[in-house]
$ cat work18.pdb   # PDB, C-alpha atoms
ATOM      1  CA  MET M   1       2.842  28.924  60.183
ATOM      2  CA  THR M   2       3.298  26.847  57.030
ATOM      3  CA  TYR M   3       5.855  29.333  55.746
ATOM      4  CA  TRP M   4       8.024  29.106  58.856
ATOM      5  CA  LEU M   5       7.695  25.322  58.979
ATOM      6  CA  ARG M   6       8.827  25.024  55.373
ATOM      7  CA  MET M   7      11.724  27.387  56.000
ATOM      8  CA  ALA M   8      12.790  25.367  59.052
ATOM      9  CA  CYS M   9      12.654  22.088  57.121
ATOM     10  CA  ALA M  10      14.603  23.594  54.228
ATOM     11  CA  ALA M  11      17.238  25.014  56.584
ATOM     12  CA  ILE M  12      17.673  21.674  58.375
ATOM     13  CA  VAL M  13      17.967  19.585  55.200
ATOM     14  CA  ILE M  14      20.306  22.032  53.449
ATOM     15  CA  SER M  15      22.480  22.316  56.565
ATOM     16  CA  VAL M  16      22.775  18.532  57.002
ATOM     17  CA  VAL M  17      23.643  17.971  53.332
ATOM     18  CA  SER M  18      26.098  20.874  53.376
ATOM     19  CA  LEU M  19      27.870  19.663  56.520
ATOM     20  CA  PHE M  20      28.636  16.446  54.689
ATOM     21  CA  MET M  21      29.269  17.638  51.132
ATOM     22  CA  LEU M  22      31.158  20.914  51.603
ATOM     23  CA  PRO M  23      34.080  19.381  53.554
ATOM     24  CA  LEU M  24      34.176  16.550  51.015
ATOM     25  CA  GLN M  25      34.339  19.088  48.189
ATOM     26  CA  MET M  26      37.209  20.865  49.969
ATOM     27  CA  LEU M  27      39.123  17.594  50.118
ATOM     28  CA  CYS M  28      38.451  16.896  46.453
ATOM     29  CA  LEU M  29      39.763  20.327  45.456
ATOM     30  CA  ARG M  30      42.756  20.011  47.778
ATOM     31  CA  PHE M  31      43.888  16.720  46.207
ATOM     32  CA  GLY M  32      42.672  17.413  42.662
ATOM     33  CA  TRP M  33      40.114  14.600  42.611
ATOM     34  CA  LYS M  34      37.745  14.616  39.614
ATOM     35  CA  LEU M  35      34.844  14.056  42.000
ATOM     36  CA  SER M  36      34.997  17.816  42.629
ATOM     37  CA  ARG M  37      33.398  18.347  39.197
ATOM     38  CA  TYR M  38      30.314  16.305  40.048
ATOM     39  CA  LEU M  39      29.530  16.985  43.706
ATOM     40  CA  PRO M  40      28.269  20.562  43.149
ATOM     41  CA  ARG M  41      25.473  19.301  40.889
ATOM     42  CA  ILE M  42      24.080  17.083  43.660
ATOM     43  CA  TRP M  43      24.292  19.871  46.234
ATOM     44  CA  HIS M  44      22.626  22.418  43.946
ATOM     45  CA  ARG M  45      19.821  20.006  43.085
ATOM     46  CA  VAL M  46      19.067  19.609  46.779
ATOM     47  CA  LEU M  47      19.194  23.373  47.222
ATOM     48  CA  CYS M  48      16.858  24.074  44.296
ATOM     49  CA  TYR M  49      14.373  21.457  45.476
ATOM     50  CA  TRP M  50      14.114  22.883  48.972
ATOM     51  CA  LEU M  51      13.959  26.458  47.710
ATOM     52  CA  GLY M  52      10.992  25.439  45.578
ATOM     53  CA  ILE M  53      12.734  26.022  42.240
ATOM     54  CA  ARG M  54      11.386  23.707  39.542
ATOM     55  CA  ILE M  55      13.719  23.395  36.555
ATOM     56  CA  HIS M  56      12.519  22.571  33.028
ATOM     57  CA  VAL M  57      15.277  21.749  30.544
ATOM     58  CA  ILE M  58      14.774  22.336  26.819
ATOM     59  CA  GLY M  59      17.481  20.903  24.594
ATOM     60  CA  THR M  60      20.697  19.280  25.747
ATOM     61  CA  PRO M  61      24.241  20.418  26.515
ATOM     62  CA  GLU M  62      26.651  20.011  23.628
ATOM     63  CA  ARG M  63      28.532  16.717  23.896
ATOM     64  CA  ARG M  64      31.603  17.828  21.967
ATOM     65  CA  ARG M  65      34.561  19.410  23.744
ATOM     66  CA  PRO M  66      36.089  21.879  24.530
ATOM     67  CA  LEU M  67      32.810  23.534  25.522
ATOM     68  CA  MET M  68      31.870  26.952  26.829
ATOM     69  CA  LEU M  69      28.293  27.812  27.787
ATOM     70  CA  ALA M  70      27.260  31.443  27.254
ATOM     71  CA  SER M  71      24.169  32.348  29.273
ATOM     72  CA  ASN M  72      22.057  35.382  30.064
ATOM     73  CA  HIS M  73      22.278  36.465  33.695
ATOM     74  CA  SER M  74      19.544  37.977  35.866
ATOM     75  CA  SER M  75      20.096  36.573  39.354
ATOM     76  CA  TRP M  76      22.293  34.616  41.732
ATOM     77  CA  LEU M  77      19.679  31.895  41.182
ATOM     78  CA  ASP M  78      21.197  31.313  37.730
ATOM     79  CA  ILE M  79      24.250  29.784  39.427
ATOM     80  CA  LEU M  80      22.113  27.302  41.350
ATOM     81  CA  VAL M  81      19.979  26.419  38.340
ATOM     82  CA  LEU M  82      22.812  25.881  35.851
ATOM     83  CA  SER M  83      24.836  23.937  38.422
ATOM     84  CA  ALA M  84      21.847  21.666  39.061
ATOM     85  CA  VAL M  85      21.525  20.932  35.339
ATOM     86  CA  ALA M  86      25.157  20.220  34.378
ATOM     87  CA  ASP M  87      28.627  19.719  35.852
ATOM     88  CA  VAL M  88      29.960  23.212  35.255
ATOM     89  CA  ALA M  89      32.404  25.789  36.583
ATOM     90  CA  PHE M  90      31.923  29.535  36.263
ATOM     91  CA  ILE M  91      33.889  32.491  34.989
ATOM     92  CA  ALA M  92      33.168  35.285  37.471
ATOM     93  CA  LYS M  93      34.334  38.805  38.162
ATOM     94  CA  ILE M  94      36.841  39.121  41.001
ATOM     95  CA  GLU M  95      34.338  40.884  43.289
ATOM     96  CA  VAL M  96      32.301  37.682  43.603
ATOM     97  CA  ARG M  97      35.158  35.983  45.450
ATOM     98  CA  ASP M  98      34.620  38.182  48.518
ATOM     99  CA  TRP M  99      30.828  38.052  48.596
ATOM    100  CA  PRO M 100      29.303  36.504  51.739
ATOM    101  CA  ILE M 101      28.068  32.941  51.206
ATOM    102  CA  PHE M 102      28.237  33.020  47.404
ATOM    103  CA  GLY M 103      31.923  33.865  47.368
ATOM    104  CA  LEU M 104      32.649  30.721  49.371
ATOM    105  CA  LEU M 105      30.377  28.635  47.158
ATOM    106  CA  ALA M 106      32.025  30.016  44.025
ATOM    107  CA  ARG M 107      35.453  29.053  45.360
ATOM    108  CA  LEU M 108      34.224  25.576  46.257
ATOM    109  CA  GLN M 109      32.977  25.183  42.691
ATOM    110  CA  ASN M 110      36.465  26.077  41.499
ATOM    111  CA  SER M 111      35.324  29.195  39.638
ATOM    112  CA  VAL M 112      37.827  31.339  37.771
ATOM    113  CA  PHE M 113      37.807  34.930  39.025
ATOM    114  CA  VAL M 114      38.707  37.460  36.360
ATOM    115  CA  VAL M 115      40.246  40.885  37.028
ATOM    116  CA  ARG M 116      39.146  42.699  33.874
ATOM    117  CA  GLU M 117      41.018  45.929  34.604
ATOM    118  CA  GLN M 118      44.442  44.249  34.818
ATOM    119  CA  LYS M 119      45.514  42.915  31.432
ATOM    120  CA  ARG M 120      48.384  40.808  32.782
ATOM    121  CA  SER M 121      46.180  39.071  35.351
ATOM    122  CA  THR M 122      43.417  38.624  32.802
ATOM    123  CA  GLY M 123      45.840  36.864  30.453
ATOM    124  CA  ASN M 124      46.782  34.358  33.151
ATOM    125  CA  GLN M 125      43.140  33.727  33.988
ATOM    126  CA  VAL M 126      42.226  33.244  30.324
ATOM    127  CA  ASN M 127      44.998  30.649  30.047
ATOM    128  CA  GLU M 128      43.621  28.851  33.106
ATOM    129  CA  ILE M 129      40.146  28.789  31.551
ATOM    130  CA  ALA M 130      41.588  27.472  28.296
ATOM    131  CA  GLU M 131      43.508  24.689  30.079
ATOM    132  CA  ARG M 132      40.457  23.598  32.005
ATOM    133  CA  MET M 133      38.270  23.564  28.915
ATOM    134  CA  ALA M 134      40.927  21.524  27.121
ATOM    135  CA  GLY M 135      40.779  19.132  30.091
ATOM    136  CA  GLY M 136      37.079  18.521  29.492
ATOM    137  CA  GLU M 137      35.515  20.943  31.959
ATOM    138  CA  ILE M 138      32.458  22.943  30.936
ATOM    139  CA  MET M 139      32.983  26.635  31.665
ATOM    140  CA  VAL M 140      30.037  29.012  31.976
ATOM    141  CA  LEU M 141      30.360  32.604  30.825
ATOM    142  CA  PHE M 142      27.848  35.395  31.464
ATOM    143  CA  PRO M 143      28.758  37.627  28.503
ATOM    144  CA  GLU M 144      26.550  40.533  29.613
ATOM    145  CA  GLY M 145      29.070  41.125  32.384
ATOM    146  CA  THR M 146      26.323  41.980  34.914
ATOM    147  CA  THR M 147      22.770  41.017  35.891
ATOM    148  CA  SER M 148      19.652  42.211  34.083
ATOM    149  CA  ASP M 149      16.030  42.616  35.171
ATOM    150  CA  GLY M 150      15.221  39.188  33.733
ATOM    151  CA  ASN M 151      13.037  40.563  30.936
ATOM    152  CA  ARG M 152      15.722  41.042  28.306
ATOM    153  CA  LEU M 153      19.280  40.334  27.263
ATOM    154  CA  LEU M 154      21.703  43.178  27.848
ATOM    155  CA  GLU M 155      24.541  44.029  25.480
ATOM    156  CA  VAL M 156      26.883  41.076  25.051
ATOM    157  CA  LYS M 157      30.580  41.917  25.378
ATOM    158  CA  SER M 158      32.555  40.189  22.635
ATOM    159  CA  SER M 159      35.844  40.652  24.534
ATOM    160  CA  LEU M 160      34.708  38.091  27.101
ATOM    161  CA  PHE M 161      34.883  35.364  24.447
ATOM    162  CA  GLY M 162      38.672  35.648  24.394
ATOM    163  CA  ALA M 163      38.870  32.527  26.569
ATOM    164  CA  ALA M 164      37.302  30.486  23.762
ATOM    165  CA  ALA M 165      39.998  31.677  21.352
ATOM    166  CA  ALA M 166      42.708  30.879  23.911
ATOM    167  CA  ALA M 167      41.412  27.304  24.206
ATOM    168  CA  LEU M 168      41.917  26.593  20.484
ATOM    169  CA  PRO M 169      45.495  25.243  20.799
ATOM    170  CA  GLY M 170      44.237  22.553  23.184
ATOM    171  CA  ALA M 171      41.240  21.601  21.031
ATOM    172  CA  PRO M 172      41.737  18.175  19.360
ATOM    173  CA  ASN M 173      40.162  19.238  16.043
ATOM    174  CA  GLY M 174      40.967  22.931  16.247
ATOM    175  CA  THR M 175      37.422  23.847  17.284
ATOM    176  CA  VAL M 176      35.980  25.197  20.527
ATOM    177  CA  TYR M 177      32.218  24.923  20.913
ATOM    178  CA  VAL M 178      30.337  27.882  22.358
ATOM    179  CA  GLN M 179      26.749  26.988  23.224
ATOM    180  CA  PRO M 180      24.092  29.646  23.916
ATOM    181  CA  VAL M 181      21.912  29.091  26.979
ATOM    182  CA  ALA M 182      18.799  31.003  28.048
ATOM    183  CA  VAL M 183      17.631  30.951  31.667
ATOM    184  CA  ALA M 184      14.044  32.232  31.875
ATOM    185  CA  TYR M 185      11.985  32.525  35.074
ATOM    186  CA  THR M 186       8.466  31.952  33.807
ATOM    187  CA  ARG M 187       5.973  31.034  36.524
ATOM    188  CA  ILE M 188       5.296  31.573  40.209
ATOM    189  CA  HIS M 189       2.885  29.191  41.944
ATOM    190  CA  GLY M 190       2.059  27.851  38.493
ATOM    191  CA  LEU M 191       0.900  31.212  37.125
ATOM    192  CA  ALA M 192       2.688  33.236  34.456
ATOM    193  CA  MET M 193       5.181  35.492  36.207
ATOM    194  CA  GLY M 194       5.182  38.444  33.828
ATOM    195  CA  ARG M 195       7.070  41.695  34.287
ATOM    196  CA  TYR M 196       5.248  42.522  37.519
ATOM    197  CA  TYR M 197       6.498  39.501  39.462
ATOM    198  CA  ARG M 198       9.847  38.966  37.735
ATOM    199  CA  PRO M 199      11.670  41.184  40.310
ATOM    200  CA  VAL M 200      11.010  38.330  42.745
ATOM    201  CA  THR M 201      13.728  36.349  40.951
ATOM    202  CA  ALA M 202      15.788  39.082  39.266
ATOM    203  CA  TRP M 203      18.692  40.481  41.263
ATOM    204  CA  PRO M 204      20.076  43.505  39.393
ATOM    205  CA  GLY M 205      22.689  44.174  42.071
ATOM    206  CA  ASP M 206      21.230  47.096  44.000
ATOM    207  CA  ILE M 207      19.088  44.809  46.169
ATOM    208  CA  GLU M 208      20.460  43.339  49.389
ATOM    209  CA  LEU M 209      20.984  39.588  49.278
ATOM    210  CA  LEU M 210      19.172  38.491  52.454
ATOM    211  CA  PRO M 211      15.860  40.248  51.702
ATOM    212  CA  HIS M 212      15.982  38.818  48.181
ATOM    213  CA  LEU M 213      16.659  35.314  49.523
ATOM    214  CA  LYS M 214      13.776  35.720  51.975
ATOM    215  CA  GLY M 215      11.500  36.620  49.061
ATOM    216  CA  ILE M 216      12.537  33.455  47.205
ATOM    217  CA  LEU M 217      11.830  31.331  50.262
ATOM    218  CA  ALA M 218       8.463  33.012  50.740
ATOM    219  CA  CYS M 219       7.430  32.042  47.194
ATOM    220  CA  GLY M 220       8.327  28.383  47.464
ATOM    221  CA  ALA M 221       7.221  27.601  43.895
ATOM    222  CA  ILE M 222       9.187  29.137  41.033
ATOM    223  CA  ASP M 223       9.454  27.614  37.553
ATOM    224  CA  VAL M 224      12.522  28.258  35.438
ATOM    225  CA  ASP M 225      13.202  27.151  31.876
ATOM    226  CA  VAL M 226      16.779  26.371  30.843
ATOM    227  CA  CYS M 227      17.154  26.315  27.057
ATOM    228  CA  PHE M 228      20.232  24.934  25.320
ATOM    229  CA  GLY M 229      20.628  26.283  21.796
ATOM    230  CA  GLU M 230      22.702  25.238  18.820
ATOM    231  CA  ALA M 231      26.417  25.535  19.528
ATOM    232  CA  VAL M 232      28.652  27.811  17.487
ATOM    233  CA  GLU M 233      31.955  26.397  16.251
ATOM    234  CA  TYR M 234      34.803  28.745  17.159
ATOM    235  CA  ARG M 235      37.891  28.203  14.985
ATOM    236  CA  ALA M 236      41.163  30.015  14.393
ATOM    237  CA  ASP M 237      39.680  31.917  11.469
ATOM    238  CA  SER M 238      36.472  32.853  13.323
ATOM    239  CA  ASN M 239      35.619  36.492  13.903
ATOM    240  CA  ARG M 240      35.039  37.015  17.625
ATOM    241  CA  LYS M 241      32.490  39.796  17.097
ATOM    242  CA  GLU M 242      30.526  37.676  14.647
ATOM    243  CA  VAL M 243      30.533  34.731  17.046
ATOM    244  CA  SER M 244      29.430  37.052  19.842
ATOM    245  CA  ALA M 245      26.597  38.466  17.725
ATOM    246  CA  THR M 246      25.393  34.978  16.755
ATOM    247  CA  ILE M 247      25.423  33.812  20.371
ATOM    248  CA  ALA M 248      23.581  36.955  21.517
ATOM    249  CA  SER M 249      20.925  36.505  18.831
ATOM    250  CA  ARG M 250      20.285  32.881  19.784
ATOM    251  CA  ILE M 251      20.101  33.645  23.508
ATOM    252  CA  ARG M 252      17.725  36.560  22.869
ATOM    253  CA  ILE M 253      15.382  34.439  20.718
ATOM    254  CA  MET M 254      15.266  31.584  23.248
ATOM    255  CA  LEU M 255      14.802  33.925  26.217
ATOM    256  CA  THR M 256      12.029  35.940  24.555
ATOM    257  CA  SER M 257      10.254  32.760  23.398
ATOM    258  CA  ARG M 258      10.165  31.304  26.909
ATOM    259  CA  LEU M 259       9.077  34.580  28.525
ATOM    260  CA  LEU M 260       6.271  35.074  25.990
ATOM    261  CA  GLY M 261       5.276  31.414  26.031
ATOM    262  CA  ARG M 262       5.453  31.048  22.269
ATOM    263  CA  GLU M 263       8.074  30.455  19.632
ATOM    264  CA  ILE M 264       9.389  33.494  17.744
ATOM    265  CA  ASP M 265      11.690  33.846  14.754
TER
END
$ encode --input "work18.pdb" --output "structure tokens"
Amino acid sequence: MTYWLRMACAAIVISVVSLFMLPLQMLCLRFGWKLSRYLPRIWHRVLCYWLGIRIHVIGTPERRRPLMLASNHSSWLDILVLSAVADVAFIAKIEVRDWPIFGLLARLQNSVFVVREQKRSTGNQVNEIAERMAGGEIMVLFPEGTTSDGNRLLEVKSSLFGAAAAALPGAPNGTVYVQPVAVAYTRIHGLAMGRYYRPVTAWPGDIELLPHLKGILACGAIDVDVCFGEAVEYRADSNRKEVSATIASRIRIMLTSRLLGREID
């Protein structure tokens, strides 16, 4: 009974807020108002609260610009969590655009959809990302290129950092800042989640969305740690593979530390 009552309350509140904010966001995007950068954070905070997702932030987003956040990726929840923490836009694969619900939300957040197989299209999209970063927007990249099981960082693809290099001409001091971010789902109902329960939050891609969403709602109390690491300065003479390796190392250390509950070297 409590479960269904909580679900009903969450559905009502989220629907009311969405009916007001989503049309407003459409207007902001239509007329290019800067308010479109900030509205998603409010909406995602409401969503996380009513889904029972408690966010703990360690560190702070880099203040210098242009800025790209590079984060591990284990679930669609990562989008909600990162959007609730900072005013960000995402770099997503083209398939996301046509997903039910999340495709619409991604478009409303003004995400950039990348077609990796078509070099000409990719070049145009990279230029768009660079222009938006130069304009002060924070772009989020998931350099694994897919979702993991939440227990580890998959191989990081250095080619995906090409957008950071493309943003260099628009950088005031010739530097683009790439900041590693670790999103770790650590507790459920206040108890350590561990490998056994982490599939509750992880969404590797072969699980249907609605059953996974139902599982999240059934939990109602999930803790997630969002760790902001030391940013890497990307310059014209930087080696993309070295930058990628440094970012991967920092994400892996932060993620493992939060999952184990202790600091590691």
$ residues_around --input "work18.pdb" --residues "Trp203 in chain M" --least-positions-apart "2" --cutoff "10 Å" --atoms "all atoms listed in the file" --output "count of residues only"
20
$ resolve_selection --input "work18.pdb" --expression "the PyMOL selection byres ((chain M and resi 53) around 12)" --output "PyMOL selection string"
chain M and resi 44-52+54-56+77-78+80-82+84+185-190+201+216-225
$ atom_distance --input "work18.pdb" --atom1 "CA of Ser83 in chain M" --atom2 "CA of Ala130 in chain M"
19.9 Å
$ resolve_selection --input "work18.pdb" --expression "the PyMOL selection byres ((chain M and resi 67) around 6)" --output "list in words"
Arg65, Pro66, Met68, Ile138, Tyr177 and Val178 of chain M
$ atom_distance --input "work18.pdb" --atom1 "CA of Val16 in chain M" --atom2 "CA of Ile79 in chain M"
20.9 Å
$ residues_around --input "work18.pdb" --residues "range 241-249 of chain M" --least-positions-apart "6" --cutoff "7 Å" --atoms "all atoms listed in the file" --output "list in words"
Val156, Ser158 and Pro180 of chain M
$ residues_around --input "work18.pdb" --residues "Ile14 in chain M" --least-positions-apart "3" --cutoff "9 Å" --atoms "only C-alpha atoms" --output "list in words"
Cys9, Ala10, Ala11, Val17, Ser18, Leu19, Trp43, Val46, Leu47 and Trp50 of chain M
$ write_last_selection --input "work18.pdb" --atoms "C-alpha atoms" --output "PDB file, keeping the file's coordinate frame"
ATOM      1  CA  CYS M   9      12.654  22.088  57.121  1.00  0.00           C
ATOM      2  CA  ALA M  10      14.603  23.594  54.228  1.00  0.00           C
ATOM      3  CA  ALA M  11      17.238  25.014  56.584  1.00  0.00           C
ATOM      4  CA  VAL M  17      23.643  17.971  53.332  1.00  0.00           C
ATOM      5  CA  SER M  18      26.098  20.874  53.376  1.00  0.00           C
ATOM      6  CA  LEU M  19      27.870  19.663  56.520  1.00  0.00           C
ATOM      7  CA  TRP M  43      24.292  19.871  46.234  1.00  0.00           C
ATOM      8  CA  VAL M  46      19.067  19.609  46.779  1.00  0.00           C
ATOM      9  CA  LEU M  47      19.194  23.373  47.222  1.00  0.00           C
ATOM     10  CA  TRP M  50      14.114  22.883  48.972  1.00  0.00           C
TER      11      TRP M  50
END
$ residues_around --input "work18.pdb" --residues "range 104-109 of chain M" --least-positions-apart "2" --cutoff "10 Å" --atoms "only C-alpha atoms" --output "ChimeraX atom specification"
/M:22-23,25-26,28-29,36-41,79,83,87-92,96-102,111-113
$ resolve_selection --input "work18.pdb" --expression "the PyMOL selection byres ((chain M and resi 182) around 7)" --output "list of chain:residue names"
M:Ser71, M:Asn72, M:Pro180, M:Val181, M:Val183, M:Ala184, M:Val226, M:Cys227, M:Phe228, M:Ile251, M:Met254, M:Leu255
$ build_atoms --input "work18.pdb" --residues "range 55-77 of chain M" --atoms "N, CA and C atoms" --output "PDB file, in the coordinates of the input"
ATOM      1  N   ILE M  55      12.926  23.150  37.761  1.00  0.00           N
ATOM      2  CA  ILE M  55      13.719  23.395  36.555  1.00  0.00           C
ATOM      3  C   ILE M  55      13.179  22.572  35.392  1.00  0.00           C
ATOM      4  N   HIS M  56      12.965  23.236  34.251  1.00  0.00           N
ATOM      5  CA  HIS M  56      12.519  22.571  33.028  1.00  0.00           C
ATOM      6  C   HIS M  56      13.605  22.779  31.964  1.00  0.00           C
ATOM      7  N   VAL M  57      14.162  21.685  31.492  1.00  0.00           N
ATOM      8  CA  VAL M  57      15.277  21.749  30.544  1.00  0.00           C
ATOM      9  C   VAL M  57      14.772  21.525  29.127  1.00  0.00           C
ATOM     10  N   ILE M  58      15.120  22.444  28.236  1.00  0.00           N
ATOM     11  CA  ILE M  58      14.774  22.336  26.819  1.00  0.00           C
ATOM     12  C   ILE M  58      16.084  22.210  26.039  1.00  0.00           C
ATOM     13  N   GLY M  59      16.223  21.144  25.291  1.00  0.00           N
ATOM     14  CA  GLY M  59      17.481  20.903  24.594  1.00  0.00           C
ATOM     15  C   GLY M  59      18.464  20.176  25.485  1.00  0.00           C
ATOM     16  N   THR M  60      19.672  19.998  24.995  1.00  0.00           N
ATOM     17  CA  THR M  60      20.697  19.280  25.747  1.00  0.00           C
ATOM     18  C   THR M  60      22.042  19.988  25.619  1.00  0.00           C
ATOM     19  N   PRO M  61      22.884  19.855  26.631  1.00  0.00           N
ATOM     20  CA  PRO M  61      24.241  20.418  26.515  1.00  0.00           C
ATOM     21  C   PRO M  61      25.005  19.739  25.385  1.00  0.00           C
ATOM     22  N   GLU M  62      25.803  20.526  24.711  1.00  0.00           N
ATOM     23  CA  GLU M  62      26.651  20.011  23.628  1.00  0.00           C
ATOM     24  C   GLU M  62      27.584  18.930  24.173  1.00  0.00           C
ATOM     25  N   ARG M  63      27.692  17.827  23.435  1.00  0.00           N
ATOM     26  CA  ARG M  63      28.532  16.717  23.896  1.00  0.00           C
ATOM     27  C   ARG M  63      29.997  16.877  23.492  1.00  0.00           C
ATOM     28  N   ARG M  64      30.229  17.663  22.448  1.00  0.00           N
ATOM     29  CA  ARG M  64      31.603  17.828  21.967  1.00  0.00           C
ATOM     30  C   ARG M  64      32.380  18.785  22.876  1.00  0.00           C
ATOM     31  N   ARG M  65      33.683  18.606  22.899  1.00  0.00           N
ATOM     32  CA  ARG M  65      34.561  19.410  23.744  1.00  0.00           C
ATOM     33  C   ARG M  65      35.724  19.944  22.910  1.00  0.00           C
ATOM     34  N   PRO M  66      36.337  21.048  23.349  1.00  0.00           N
ATOM     35  CA  PRO M  66      36.089  21.879  24.530  1.00  0.00           C
ATOM     36  C   PRO M  66      34.776  22.657  24.395  1.00  0.00           C
ATOM     37  N   LEU M  67      34.128  22.908  25.540  1.00  0.00           N
ATOM     38  CA  LEU M  67      32.810  23.534  25.522  1.00  0.00           C
ATOM     39  C   LEU M  67      32.724  24.697  26.501  1.00  0.00           C
ATOM     40  N   MET M  68      32.191  25.806  25.990  1.00  0.00           N
ATOM     41  CA  MET M  68      31.870  26.952  26.829  1.00  0.00           C
ATOM     42  C   MET M  68      30.380  27.237  26.685  1.00  0.00           C
ATOM     43  N   LEU M  69      29.696  27.417  27.806  1.00  0.00           N
ATOM     44  CA  LEU M  69      28.293  27.812  27.787  1.00  0.00           C
ATOM     45  C   LEU M  69      28.216  29.321  27.985  1.00  0.00           C
ATOM     46  N   ALA M  70      27.454  29.996  27.135  1.00  0.00           N
ATOM     47  CA  ALA M  70      27.260  31.443  27.254  1.00  0.00           C
ATOM     48  C   ALA M  70      25.796  31.679  27.595  1.00  0.00           C
ATOM     49  N   SER M  71      25.541  32.224  28.783  1.00  0.00           N
ATOM     50  CA  SER M  71      24.169  32.348  29.273  1.00  0.00           C
ATOM     51  C   SER M  71      23.825  33.780  29.646  1.00  0.00           C
ATOM     52  N   ASN M  72      22.537  34.114  29.505  1.00  0.00           N
ATOM     53  CA  ASN M  72      22.057  35.382  30.064  1.00  0.00           C
ATOM     54  C   ASN M  72      22.115  35.292  31.587  1.00  0.00           C
ATOM     55  N   HIS M  73      22.044  36.439  32.243  1.00  0.00           N
ATOM     56  CA  HIS M  73      22.278  36.465  33.695  1.00  0.00           C
ATOM     57  C   HIS M  73      21.369  37.511  34.345  1.00  0.00           C
ATOM     58  N   SER M  74      20.448  37.045  35.194  1.00  0.00           N
ATOM     59  CA  SER M  74      19.544  37.977  35.866  1.00  0.00           C
ATOM     60  C   SER M  74      19.558  37.854  37.377  1.00  0.00           C
ATOM     61  N   SER M  75      20.184  36.798  37.914  1.00  0.00           N
ATOM     62  CA  SER M  75      20.096  36.573  39.354  1.00  0.00           C
ATOM     63  C   SER M  75      21.166  35.593  39.826  1.00  0.00           C
ATOM     64  N   TRP M  76      21.425  35.628  41.137  1.00  0.00           N
ATOM     65  CA  TRP M  76      22.293  34.616  41.732  1.00  0.00           C
ATOM     66  C   TRP M  76      21.669  33.231  41.594  1.00  0.00           C
ATOM     67  N   LEU M  77      20.352  33.175  41.382  1.00  0.00           N
ATOM     68  CA  LEU M  77      19.679  31.895  41.182  1.00  0.00           C
ATOM     69  C   LEU M  77      20.196  31.168  39.947  1.00  0.00           C
TER      70      LEU M  77
END
